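Dumped structure.txt below, it's compact mmCIF, N, CA and C atoms:
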# COMPACT_ATOMS: atom_id res chain seq x y z
N MET A 1 80.80 131.43 110.64
CA MET A 1 80.43 130.17 111.23
C MET A 1 80.00 129.17 110.14
N LYS A 2 79.20 129.67 109.17
CA LYS A 2 78.77 128.80 108.07
C LYS A 2 79.96 128.31 107.27
N MET A 3 80.95 129.20 107.08
CA MET A 3 82.14 128.85 106.33
C MET A 3 82.90 127.72 107.02
N LEU A 4 83.02 127.78 108.33
CA LEU A 4 83.72 126.75 109.11
C LEU A 4 82.99 125.41 109.00
N ALA A 5 81.66 125.42 109.07
CA ALA A 5 80.87 124.19 108.96
C ALA A 5 81.01 123.59 107.57
N ARG A 6 80.97 124.44 106.56
CA ARG A 6 81.11 123.98 105.18
C ARG A 6 82.50 123.36 104.96
N PHE A 7 83.52 124.00 105.50
CA PHE A 7 84.89 123.50 105.40
C PHE A 7 85.01 122.13 106.08
N ARG A 8 84.43 122.02 107.29
CA ARG A 8 84.46 120.76 108.04
C ARG A 8 83.75 119.65 107.27
N ASN A 9 82.59 119.95 106.70
CA ASN A 9 81.83 118.96 105.93
C ASN A 9 82.61 118.53 104.68
N THR A 10 83.30 119.46 104.05
CA THR A 10 84.12 119.13 102.88
C THR A 10 85.25 118.20 103.27
N LEU A 11 85.90 118.47 104.39
CA LEU A 11 86.98 117.60 104.86
C LEU A 11 86.46 116.20 105.17
N ILE A 12 85.29 116.12 105.78
CA ILE A 12 84.71 114.81 106.11
C ILE A 12 84.40 114.05 104.82
N LEU A 13 83.84 114.75 103.84
CA LEU A 13 83.53 114.13 102.56
C LEU A 13 84.80 113.61 101.88
N ILE A 14 85.84 114.39 101.89
CA ILE A 14 87.13 113.98 101.29
C ILE A 14 87.67 112.75 102.02
N ALA A 15 87.57 112.76 103.35
CA ALA A 15 88.06 111.62 104.14
C ALA A 15 87.31 110.35 103.77
N PHE A 16 85.97 110.41 103.67
CA PHE A 16 85.19 109.23 103.31
C PHE A 16 85.50 108.76 101.89
N MET A 17 85.68 109.68 100.97
CA MET A 17 86.02 109.29 99.60
C MET A 17 87.37 108.61 99.56
N THR A 18 88.34 109.13 100.30
CA THR A 18 89.67 108.53 100.35
C THR A 18 89.61 107.13 100.94
N MET A 19 88.85 106.96 102.01
CA MET A 19 88.73 105.63 102.62
C MET A 19 88.06 104.67 101.66
N GLY A 20 87.05 105.12 100.91
CA GLY A 20 86.37 104.27 99.95
C GLY A 20 87.29 103.84 98.82
N ILE A 21 88.07 104.76 98.32
CA ILE A 21 89.02 104.43 97.25
C ILE A 21 90.05 103.45 97.76
N TYR A 22 90.57 103.68 98.97
CA TYR A 22 91.57 102.78 99.55
C TYR A 22 90.98 101.39 99.76
N ALA A 23 89.77 101.33 100.28
CA ALA A 23 89.14 100.03 100.54
C ALA A 23 88.93 99.28 99.24
N HIS A 24 88.52 99.97 98.18
CA HIS A 24 88.30 99.32 96.89
C HIS A 24 89.62 98.82 96.30
N SER A 25 90.67 99.60 96.42
CA SER A 25 91.95 99.20 95.83
C SER A 25 92.62 98.08 96.59
N SER A 26 92.23 97.86 97.84
CA SER A 26 92.87 96.81 98.62
C SER A 26 92.12 95.48 98.54
N LEU A 27 91.03 95.44 97.75
CA LEU A 27 90.32 94.18 97.58
C LEU A 27 91.22 93.19 96.84
N PRO A 28 91.18 91.92 97.21
CA PRO A 28 92.01 90.95 96.52
C PRO A 28 91.56 90.79 95.07
N ALA A 29 92.54 90.63 94.20
CA ALA A 29 92.25 90.46 92.78
C ALA A 29 91.78 89.03 92.53
N ASN A 30 90.91 88.87 91.56
CA ASN A 30 90.45 87.55 91.16
C ASN A 30 91.27 87.08 89.98
N TYR A 31 91.95 85.96 90.15
CA TYR A 31 92.76 85.40 89.08
C TYR A 31 92.16 84.08 88.62
N ILE A 32 92.19 83.86 87.33
CA ILE A 32 91.71 82.62 86.72
C ILE A 32 92.90 81.98 86.02
N TYR A 33 93.02 80.66 86.16
CA TYR A 33 94.16 79.93 85.59
C TYR A 33 93.68 78.97 84.52
N GLU A 34 94.33 79.00 83.37
CA GLU A 34 94.07 78.04 82.29
C GLU A 34 95.32 77.17 82.17
N THR A 35 95.17 75.91 82.54
CA THR A 35 96.31 75.00 82.57
C THR A 35 96.21 73.99 81.43
N GLN A 36 97.33 73.79 80.75
CA GLN A 36 97.40 72.80 79.68
C GLN A 36 98.35 71.70 80.13
N GLU A 37 97.87 70.46 80.08
CA GLU A 37 98.67 69.32 80.50
C GLU A 37 98.90 68.37 79.33
N GLU A 38 100.03 67.67 79.43
CA GLU A 38 100.36 66.65 78.44
C GLU A 38 101.02 65.49 79.19
N ASN A 39 100.48 64.31 79.05
CA ASN A 39 101.00 63.13 79.76
C ASN A 39 101.09 63.35 81.27
N GLY A 40 100.11 64.04 81.83
CA GLY A 40 100.06 64.27 83.26
C GLY A 40 100.99 65.37 83.77
N GLN A 41 101.65 66.08 82.86
CA GLN A 41 102.56 67.16 83.25
C GLN A 41 102.01 68.49 82.75
N VAL A 42 102.11 69.51 83.60
CA VAL A 42 101.68 70.85 83.20
C VAL A 42 102.72 71.40 82.24
N ILE A 43 102.30 71.71 81.01
CA ILE A 43 103.25 72.26 80.04
C ILE A 43 103.08 73.77 79.88
N SER A 44 101.88 74.28 80.21
CA SER A 44 101.70 75.73 80.20
C SER A 44 100.55 76.11 81.13
N LYS A 45 100.64 77.34 81.59
CA LYS A 45 99.61 77.88 82.46
C LYS A 45 99.49 79.37 82.13
N VAL A 46 98.27 79.81 81.81
CA VAL A 46 98.01 81.22 81.53
C VAL A 46 97.21 81.78 82.70
N VAL A 47 97.65 82.93 83.20
CA VAL A 47 96.99 83.58 84.32
C VAL A 47 96.22 84.79 83.79
N TYR A 48 94.92 84.82 84.10
CA TYR A 48 94.05 85.92 83.72
C TYR A 48 93.62 86.66 84.98
N LYS A 49 93.48 87.96 84.88
CA LYS A 49 92.94 88.75 85.98
C LYS A 49 91.52 89.14 85.60
N GLN A 50 90.58 88.88 86.51
CA GLN A 50 89.19 89.19 86.23
C GLN A 50 88.89 90.60 86.72
N ASP A 51 88.52 91.48 85.77
CA ASP A 51 88.16 92.87 86.06
C ASP A 51 86.81 93.16 85.42
N ASN A 52 85.82 93.49 86.25
CA ASN A 52 84.49 93.84 85.73
C ASN A 52 83.97 92.83 84.71
N ASN A 53 83.99 91.59 85.07
CA ASN A 53 83.51 90.48 84.24
C ASN A 53 84.29 90.30 82.94
N LEU A 54 85.49 90.86 82.85
CA LEU A 54 86.37 90.65 81.71
C LEU A 54 87.61 89.91 82.19
N LEU A 55 88.14 89.04 81.34
CA LEU A 55 89.38 88.34 81.66
C LEU A 55 90.52 88.99 80.89
N ASN A 56 91.51 89.47 81.62
CA ASN A 56 92.67 90.11 81.01
C ASN A 56 93.89 89.24 81.22
N LYS A 57 94.58 88.91 80.12
CA LYS A 57 95.78 88.09 80.21
C LYS A 57 96.83 88.82 81.04
N GLN A 58 97.54 88.07 81.87
CA GLN A 58 98.59 88.64 82.71
C GLN A 58 99.94 87.97 82.43
N PHE A 59 100.01 86.66 82.73
CA PHE A 59 101.26 85.91 82.60
C PHE A 59 101.02 84.57 81.93
N LYS A 60 102.08 84.08 81.29
CA LYS A 60 102.05 82.75 80.69
C LYS A 60 103.30 82.00 81.16
N TYR A 61 103.10 80.82 81.75
CA TYR A 61 104.18 79.97 82.21
C TYR A 61 104.28 78.78 81.27
N GLU A 62 105.49 78.47 80.82
CA GLU A 62 105.72 77.30 79.98
C GLU A 62 106.80 76.45 80.64
N PHE A 63 106.55 75.14 80.70
CA PHE A 63 107.44 74.22 81.40
C PHE A 63 108.01 73.18 80.46
N LYS A 64 109.27 72.79 80.72
CA LYS A 64 109.91 71.67 80.04
C LYS A 64 110.38 70.70 81.11
N TYR A 65 110.45 69.41 80.74
CA TYR A 65 110.78 68.36 81.70
C TYR A 65 111.92 67.48 81.18
N ASN A 66 112.65 66.87 82.11
CA ASN A 66 113.67 65.89 81.73
C ASN A 66 113.00 64.51 81.63
N PRO A 67 113.74 63.48 81.17
CA PRO A 67 113.14 62.15 81.03
C PRO A 67 112.60 61.57 82.35
N GLU A 68 113.12 62.05 83.48
CA GLU A 68 112.64 61.57 84.78
C GLU A 68 111.37 62.30 85.23
N GLY A 69 110.90 63.26 84.42
CA GLY A 69 109.67 63.97 84.73
C GLY A 69 109.85 65.18 85.64
N LYS A 70 111.08 65.62 85.83
CA LYS A 70 111.33 66.80 86.67
C LYS A 70 111.45 68.05 85.79
N VAL A 71 110.97 69.17 86.31
CA VAL A 71 111.01 70.43 85.58
C VAL A 71 112.46 70.84 85.32
N THR A 72 112.77 71.16 84.07
CA THR A 72 114.12 71.63 83.73
C THR A 72 114.11 73.10 83.31
N GLU A 73 112.91 73.60 82.96
CA GLU A 73 112.84 74.98 82.50
C GLU A 73 111.45 75.54 82.77
N LYS A 74 111.42 76.77 83.26
CA LYS A 74 110.17 77.51 83.42
C LYS A 74 110.37 78.87 82.76
N GLN A 75 109.67 79.10 81.67
CA GLN A 75 109.77 80.36 80.95
C GLN A 75 108.49 81.15 81.20
N VAL A 76 108.64 82.40 81.61
CA VAL A 76 107.49 83.24 81.94
C VAL A 76 107.44 84.43 80.97
N SER A 77 106.24 84.69 80.47
CA SER A 77 106.00 85.81 79.57
C SER A 77 104.90 86.69 80.15
N ARG A 78 104.94 87.97 79.81
CA ARG A 78 103.89 88.92 80.22
C ARG A 78 103.11 89.34 78.97
N TRP A 79 101.82 89.60 79.17
CA TRP A 79 100.98 90.01 78.05
C TRP A 79 101.18 91.50 77.79
N ASP A 80 101.46 91.85 76.55
CA ASP A 80 101.59 93.24 76.13
C ASP A 80 100.25 93.65 75.51
N LYS A 81 99.49 94.47 76.22
CA LYS A 81 98.15 94.86 75.76
C LYS A 81 98.19 95.66 74.47
N LYS A 82 99.18 96.52 74.34
CA LYS A 82 99.26 97.37 73.15
C LYS A 82 99.57 96.56 71.89
N LYS A 83 100.56 95.69 71.98
CA LYS A 83 100.97 94.88 70.82
C LYS A 83 100.16 93.59 70.69
N GLU A 84 99.46 93.24 71.77
CA GLU A 84 98.67 92.01 71.83
C GLU A 84 99.50 90.77 71.54
N ILE A 85 100.65 90.70 72.22
CA ILE A 85 101.53 89.53 72.10
C ILE A 85 102.13 89.22 73.48
N TRP A 86 102.61 88.00 73.62
CA TRP A 86 103.34 87.63 74.84
C TRP A 86 104.77 88.12 74.70
N GLN A 87 105.25 88.85 75.72
CA GLN A 87 106.63 89.35 75.75
C GLN A 87 107.42 88.54 76.77
N PRO A 88 108.63 88.10 76.44
CA PRO A 88 109.45 87.35 77.40
C PRO A 88 109.67 88.17 78.67
N PHE A 89 109.63 87.50 79.82
CA PHE A 89 109.81 88.16 81.11
C PHE A 89 111.03 87.60 81.83
N TYR A 90 110.98 86.31 82.18
CA TYR A 90 112.15 85.69 82.81
C TYR A 90 112.18 84.20 82.54
N LEU A 91 113.35 83.60 82.79
CA LEU A 91 113.56 82.17 82.57
C LEU A 91 114.26 81.58 83.78
N MET A 92 113.74 80.44 84.24
CA MET A 92 114.39 79.66 85.31
C MET A 92 114.76 78.32 84.69
N THR A 93 116.04 77.92 84.85
CA THR A 93 116.46 76.60 84.42
C THR A 93 116.88 75.81 85.65
N TYR A 94 116.65 74.51 85.62
CA TYR A 94 116.92 73.66 86.77
C TYR A 94 117.74 72.46 86.34
N THR A 95 118.81 72.18 87.09
CA THR A 95 119.58 70.95 86.90
C THR A 95 119.60 70.23 88.24
N TYR A 96 119.66 68.91 88.16
CA TYR A 96 119.55 68.08 89.35
C TYR A 96 120.80 67.24 89.52
N ASN A 97 121.33 67.22 90.74
CA ASN A 97 122.46 66.39 91.08
C ASN A 97 122.00 65.43 92.18
N GLU A 98 121.65 64.23 91.77
CA GLU A 98 121.12 63.23 92.70
C GLU A 98 122.13 62.86 93.78
N SER A 99 123.41 62.72 93.40
CA SER A 99 124.42 62.29 94.37
C SER A 99 124.65 63.35 95.46
N GLU A 100 124.53 64.60 95.10
CA GLU A 100 124.68 65.69 96.09
C GLU A 100 123.34 66.04 96.74
N GLY A 101 122.25 65.56 96.15
CA GLY A 101 120.92 65.87 96.67
C GLY A 101 120.57 67.34 96.48
N MET A 102 120.97 67.90 95.34
CA MET A 102 120.79 69.34 95.13
C MET A 102 120.04 69.64 93.83
N ILE A 103 119.35 70.79 93.85
CA ILE A 103 118.75 71.38 92.66
C ILE A 103 119.49 72.69 92.42
N TYR A 104 120.05 72.86 91.24
CA TYR A 104 120.75 74.09 90.88
C TYR A 104 119.86 74.87 89.92
N SER A 105 119.43 76.04 90.34
CA SER A 105 118.52 76.86 89.55
C SER A 105 119.24 78.12 89.07
N THR A 106 118.98 78.48 87.83
CA THR A 106 119.54 79.71 87.27
C THR A 106 118.37 80.58 86.83
N TYR A 107 118.42 81.84 87.22
CA TYR A 107 117.37 82.80 86.92
C TYR A 107 117.93 83.93 86.08
N GLY A 108 117.19 84.35 85.07
CA GLY A 108 117.59 85.51 84.28
C GLY A 108 116.37 86.21 83.71
N MET A 109 116.37 87.54 83.78
CA MET A 109 115.29 88.33 83.18
C MET A 109 115.62 88.63 81.73
N TRP A 110 114.60 88.86 80.93
CA TRP A 110 114.75 89.09 79.50
C TRP A 110 115.42 90.43 79.23
N ASN A 111 116.43 90.40 78.38
CA ASN A 111 117.15 91.59 77.94
C ASN A 111 116.77 91.79 76.48
N ASP A 112 115.89 92.75 76.23
CA ASP A 112 115.37 92.96 74.87
C ASP A 112 116.47 93.38 73.91
N ALA A 113 117.42 94.17 74.39
CA ALA A 113 118.51 94.66 73.52
C ALA A 113 119.38 93.50 73.02
N GLU A 114 119.63 92.51 73.88
CA GLU A 114 120.49 91.39 73.51
C GLU A 114 119.71 90.12 73.15
N GLN A 115 118.38 90.19 73.27
CA GLN A 115 117.52 89.04 72.98
C GLN A 115 117.97 87.80 73.75
N ALA A 116 118.19 88.01 75.06
CA ALA A 116 118.66 86.90 75.92
C ALA A 116 118.15 87.12 77.34
N TYR A 117 118.11 86.03 78.09
CA TYR A 117 117.71 86.09 79.50
C TYR A 117 118.95 86.29 80.36
N ASN A 118 119.55 87.47 80.28
CA ASN A 118 120.81 87.69 81.01
C ASN A 118 120.78 88.89 81.95
N LEU A 119 119.61 89.47 82.20
CA LEU A 119 119.52 90.56 83.17
C LEU A 119 119.28 90.00 84.57
N ASN A 120 119.90 90.60 85.55
CA ASN A 120 119.72 90.21 86.95
C ASN A 120 119.90 88.70 87.14
N SER A 121 120.89 88.13 86.48
CA SER A 121 121.13 86.68 86.57
C SER A 121 121.51 86.28 88.00
N GLN A 122 120.92 85.18 88.42
CA GLN A 122 121.17 84.67 89.77
C GLN A 122 121.18 83.14 89.73
N THR A 123 121.90 82.56 90.67
CA THR A 123 121.91 81.12 90.85
C THR A 123 121.38 80.81 92.24
N ILE A 124 120.51 79.83 92.30
CA ILE A 124 119.90 79.44 93.57
C ILE A 124 120.13 77.94 93.75
N ASN A 125 120.66 77.56 94.89
CA ASN A 125 120.89 76.15 95.20
C ASN A 125 119.90 75.71 96.27
N SER A 126 119.21 74.62 95.99
CA SER A 126 118.20 74.11 96.91
C SER A 126 118.41 72.62 97.12
N SER A 127 117.88 72.14 98.22
CA SER A 127 117.93 70.71 98.50
C SER A 127 116.93 69.99 97.61
N LEU A 128 117.31 68.82 97.13
CA LEU A 128 116.43 68.01 96.30
C LEU A 128 115.12 67.68 97.04
N SER A 129 115.19 67.62 98.35
CA SER A 129 113.99 67.33 99.14
C SER A 129 112.96 68.46 99.06
N GLU A 130 113.35 69.62 98.55
CA GLU A 130 112.44 70.77 98.43
C GLU A 130 111.72 70.80 97.08
N TYR A 131 111.91 69.77 96.25
CA TYR A 131 111.32 69.76 94.90
C TYR A 131 109.82 70.02 94.92
N GLU A 132 109.10 69.26 95.73
CA GLU A 132 107.63 69.39 95.77
C GLU A 132 107.22 70.80 96.23
N GLU A 133 107.97 71.34 97.17
CA GLU A 133 107.69 72.69 97.68
C GLU A 133 107.92 73.75 96.59
N ILE A 134 108.95 73.57 95.81
CA ILE A 134 109.30 74.53 94.76
C ILE A 134 108.27 74.49 93.63
N PHE A 135 107.83 73.29 93.26
CA PHE A 135 106.99 73.16 92.07
C PHE A 135 105.53 72.85 92.37
N SER A 136 105.09 73.10 93.57
CA SER A 136 103.65 72.84 93.86
C SER A 136 102.81 74.04 93.51
Take the structure in the file and give it back as structure tokens.
Amino acid sequence: MKMLARFRNTLILIAFMTMGIYAHSSLPANYIYETQEENGQVISKVVYKQDNNLLNKQFKYEFKYNPEGKVTEKQVSRWDKKKEIWQPFYLMTYTYNESEGMIYSTYGMWNDAEQAYNLNSQTINSSLSEYEEIFS
């Protein structure tokens, strides 16, 4: 009888520990953003994750603009903790066709072997009216 009670108590303890671990892991992460602007345009944004009062670099976004002030390129890098450098992640390029009312976007992930953004390449066509939605 004592063995059965001890077994039951152990199972209950394991269940509570599992629920506690799950609850802790499902807490939303705290992100901090460092934005650099030039002439009213965001040229870079670094995303930090706050863990135990420490800020850990996560992603870096770099933007380029055309003369009309529209984004033409978004380059994203990930922080490599071991090497302590930014590693290329993916690149989005944007071209605008005013007469068609379209934004043509090209996406490519970084291919380290070829030193190019040519992995998982995709093209996305959007309406020019979606500009604010895409870049907000």
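Ranking A:Glu34, A:Ile85, A:Phe135, A:Leu91 by their shortest atom-to-atom distance to Asn118 in chain A, with only C-alpha atoms included, puts A:Leu91 first.
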Extract, using only C-alpha atoms, all DNA, RNA and protein residues at most 6 Å from range 127-131 of chain A, discarding same-chain residues fewer than 2 positions from it, and format them as a ChimeraX atom specification. /A:101-103,133-134
Those residues you just picked out, can you put them in a file as a PDB file, in the frame of the given file with N, CA and C atoms?
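Final output, out.pdb:
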ATOM      1  N   GLY A 101     122.250  65.560  96.150  1.00  0.00           N
ATOM      2  CA  GLY A 101     120.920  65.870  96.670  1.00  0.00           C
ATOM      3  C   GLY A 101     120.570  67.340  96.480  1.00  0.00           C
ATOM      4  N   MET A 102     120.970  67.900  95.340  1.00  0.00           N
ATOM      5  CA  MET A 102     120.790  69.340  95.130  1.00  0.00           C
ATOM      6  C   MET A 102     120.040  69.640  93.830  1.00  0.00           C
ATOM      7  N   ILE A 103     119.350  70.790  93.850  1.00  0.00           N
ATOM      8  CA  ILE A 103     118.750  71.380  92.660  1.00  0.00           C
ATOM      9  C   ILE A 103     119.490  72.690  92.420  1.00  0.00           C
ATOM     10  N   GLU A 133     107.970  71.340  97.170  1.00  0.00           N
ATOM     11  CA  GLU A 133     107.690  72.690  97.680  1.00  0.00           C
ATOM     12  C   GLU A 133     107.920  73.750  96.590  1.00  0.00           C
ATOM     13  N   ILE A 134     108.950  73.570  95.810  1.00  0.00           N
ATOM     14  CA  ILE A 134     109.300  74.530  94.760  1.00  0.00           C
ATOM     15  C   ILE A 134     108.270  74.490  93.630  1.00  0.00           C
TER      16      ILE A 134
END
Please compute the CA of Leu119 in chain A-atom N of Ser136 in chain A distance, one decimal, in Å. 24.9 Å
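The closest residue to Lys70 in chain A, picked from A:Lys57, A:Thr93, A:Asp51, A:Trp86 and counting only C-alpha atoms, is A:Thr93.
The neighbours of Val71 in chain A here are the residues that come within 10 Å of it, using only C-alpha atoms and leaving out any residue fewer than 5 positions away in the same chain; they are Gln41, Val42, Ile43, Phe63, Lys64, Tyr65, Asn66, Met92, Thr93, Tyr94, Thr95, Tyr96, Tyr131 and Phe135 of chain A.
Taking atom N of Ser99 in chain A and atom C of Ser126 in chain A as endpoints, the distance between them is 11.7 Å.
Take atom N of Phe59 in chain A and atom C of Val76 in chain A: the distance between them is 8.0 Å.
When only C-alpha atoms are used to measure the gap to Trp110 in chain A, the shortest distance among A:Gln36, A:Asn52, A:Ile124, A:Gln75 belongs to A:Gln75.
Proximity ranking of A:Tyr33, A:Tyr48, A:Tyr107, A:Phe89 relative to Glu73 in chain A places A:Tyr107 first, based on only C-alpha atoms.
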What are the DSSP helix (DSSP H, G or I) residues of range 15-131 of chain A, as a list in words? Ala15, Phe16, Met17, Thr18, Met19, Gly20, Ile21, Tyr22, Ala23, His24, Ser25, Leu128, Ser129, Glu130 and Tyr131 of chain A
Repair of range 80-101 of chain A at the level of N, CA, C and O atoms, as a PDB file, in the coordinates of the input:
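Here's the written file selection32.pdb:
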ATOM      1  N   ASP A  80     101.460  91.850  76.550  1.00  0.00           N
ATOM      2  CA  ASP A  80     101.590  93.240  76.130  1.00  0.00           C
ATOM      3  C   ASP A  80     100.250  93.650  75.510  1.00  0.00           C
ATOM      4  O   ASP A  80      99.916  93.220  74.399  1.00  0.00           O
ATOM      5  N   LYS A  81      99.490  94.470  76.220  1.00  0.00           N
ATOM      6  CA  LYS A  81      98.150  94.860  75.760  1.00  0.00           C
ATOM      7  C   LYS A  81      98.190  95.660  74.470  1.00  0.00           C
ATOM      8  O   LYS A  81      97.336  95.492  73.605  1.00  0.00           O
ATOM      9  N   LYS A  82      99.180  96.520  74.340  1.00  0.00           N
ATOM     10  CA  LYS A  82      99.260  97.370  73.150  1.00  0.00           C
ATOM     11  C   LYS A  82      99.570  96.560  71.890  1.00  0.00           C
ATOM     12  O   LYS A  82      98.956  96.740  70.854  1.00  0.00           O
ATOM     13  N   LYS A  83     100.560  95.690  71.980  1.00  0.00           N
ATOM     14  CA  LYS A  83     100.970  94.880  70.820  1.00  0.00           C
ATOM     15  C   LYS A  83     100.160  93.590  70.690  1.00  0.00           C
ATOM     16  O   LYS A  83     100.227  92.921  69.674  1.00  0.00           O
ATOM     17  N   GLU A  84      99.460  93.240  71.770  1.00  0.00           N
ATOM     18  CA  GLU A  84      98.670  92.010  71.830  1.00  0.00           C
ATOM     19  C   GLU A  84      99.500  90.770  71.540  1.00  0.00           C
ATOM     20  O   GLU A  84      99.144  89.918  70.719  1.00  0.00           O
ATOM     21  N   ILE A  85     100.650  90.700  72.220  1.00  0.00           N
ATOM     22  CA  ILE A  85     101.530  89.530  72.100  1.00  0.00           C
ATOM     23  C   ILE A  85     102.130  89.220  73.480  1.00  0.00           C
ATOM     24  O   ILE A  85     102.168  90.091  74.363  1.00  0.00           O
ATOM     25  N   TRP A  86     102.610  88.000  73.620  1.00  0.00           N
ATOM     26  CA  TRP A  86     103.340  87.630  74.840  1.00  0.00           C
ATOM     27  C   TRP A  86     104.770  88.120  74.700  1.00  0.00           C
ATOM     28  O   TRP A  86     105.429  87.841  73.709  1.00  0.00           O
ATOM     29  N   GLN A  87     105.250  88.850  75.720  1.00  0.00           N
ATOM     30  CA  GLN A  87     106.630  89.350  75.750  1.00  0.00           C
ATOM     31  C   GLN A  87     107.420  88.540  76.770  1.00  0.00           C
ATOM     32  O   GLN A  87     106.941  88.304  77.881  1.00  0.00           O
ATOM     33  N   PRO A  88     108.630  88.100  76.440  1.00  0.00           N
ATOM     34  CA  PRO A  88     109.450  87.350  77.400  1.00  0.00           C
ATOM     35  C   PRO A  88     109.670  88.170  78.670  1.00  0.00           C
ATOM     36  O   PRO A  88     109.844  89.396  78.613  1.00  0.00           O
ATOM     37  N   PHE A  89     109.630  87.500  79.820  1.00  0.00           N
ATOM     38  CA  PHE A  89     109.810  88.160  81.110  1.00  0.00           C
ATOM     39  C   PHE A  89     111.030  87.600  81.830  1.00  0.00           C
ATOM     40  O   PHE A  89     111.984  88.306  82.086  1.00  0.00           O
ATOM     41  N   TYR A  90     110.980  86.310  82.180  1.00  0.00           N
ATOM     42  CA  TYR A  90     112.150  85.690  82.810  1.00  0.00           C
ATOM     43  C   TYR A  90     112.180  84.200  82.540  1.00  0.00           C
ATOM     44  O   TYR A  90     111.200  83.614  82.100  1.00  0.00           O
ATOM     45  N   LEU A  91     113.350  83.600  82.790  1.00  0.00           N
ATOM     46  CA  LEU A  91     113.560  82.170  82.570  1.00  0.00           C
ATOM     47  C   LEU A  91     114.260  81.580  83.780  1.00  0.00           C
ATOM     48  O   LEU A  91     115.228  82.149  84.288  1.00  0.00           O
ATOM     49  N   MET A  92     113.740  80.440  84.240  1.00  0.00           N
ATOM     50  CA  MET A  92     114.390  79.660  85.310  1.00  0.00           C
ATOM     51  C   MET A  92     114.760  78.320  84.690  1.00  0.00           C
ATOM     52  O   MET A  92     113.924  77.667  84.065  1.00  0.00           O
ATOM     53  N   THR A  93     116.040  77.920  84.850  1.00  0.00           N
ATOM     54  CA  THR A  93     116.460  76.600  84.420  1.00  0.00           C
ATOM     55  C   THR A  93     116.880  75.810  85.650  1.00  0.00           C
ATOM     56  O   THR A  93     117.406  76.391  86.618  1.00  0.00           O
ATOM     57  N   TYR A  94     116.650  74.510  85.620  1.00  0.00           N
ATOM     58  CA  TYR A  94     116.920  73.660  86.770  1.00  0.00           C
ATOM     59  C   TYR A  94     117.740  72.460  86.340  1.00  0.00           C
ATOM     60  O   TYR A  94     117.424  71.794  85.358  1.00  0.00           O
ATOM     61  N   THR A  95     118.810  72.180  87.090  1.00  0.00           N
ATOM     62  CA  THR A  95     119.580  70.950  86.900  1.00  0.00           C
ATOM     63  C   THR A  95     119.600  70.230  88.240  1.00  0.00           C
ATOM     64  O   THR A  95     119.571  70.856  89.306  1.00  0.00           O
ATOM     65  N   TYR A  96     119.660  68.910  88.160  1.00  0.00           N
ATOM     66  CA  TYR A  96     119.550  68.080  89.350  1.00  0.00           C
ATOM     67  C   TYR A  96     120.800  67.240  89.520  1.00  0.00           C
ATOM     68  O   TYR A  96     121.283  66.629  88.573  1.00  0.00           O
ATOM     69  N   ASN A  97     121.330  67.220  90.740  1.00  0.00           N
ATOM     70  CA  ASN A  97     122.460  66.390  91.080  1.00  0.00           C
ATOM     71  C   ASN A  97     122.000  65.430  92.180  1.00  0.00           C
ATOM     72  O   ASN A  97     121.932  65.816  93.354  1.00  0.00           O
ATOM     73  N   GLU A  98     121.650  64.230  91.770  1.00  0.00           N
ATOM     74  CA  GLU A  98     121.120  63.230  92.700  1.00  0.00           C
ATOM     75  C   GLU A  98     122.130  62.860  93.780  1.00  0.00           C
ATOM     76  O   GLU A  98     121.779  62.708  94.945  1.00  0.00           O
ATOM     77  N   SER A  99     123.410  62.720  93.400  1.00  0.00           N
ATOM     78  CA  SER A  99     124.420  62.290  94.370  1.00  0.00           C
ATOM     79  C   SER A  99     124.650  63.350  95.460  1.00  0.00           C
ATOM     80  O   SER A  99     124.918  63.017  96.607  1.00  0.00           O
ATOM     81  N   GLU A 100     124.530  64.600  95.100  1.00  0.00           N
ATOM     82  CA  GLU A 100     124.680  65.690  96.090  1.00  0.00           C
ATOM     83  C   GLU A 100     123.340  66.040  96.740  1.00  0.00           C
ATOM     84  O   GLU A 100     123.305  66.772  97.722  1.00  0.00           O
ATOM     85  N   GLY A 101     122.250  65.560  96.150  1.00  0.00           N
ATOM     86  CA  GLY A 101     120.920  65.870  96.670  1.00  0.00           C
ATOM     87  C   GLY A 101     120.570  67.340  96.480  1.00  0.00           C
ATOM     88  O   GLY A 101     119.933  67.935  97.350  1.00  0.00           O
TER      89      GLY A 101
END
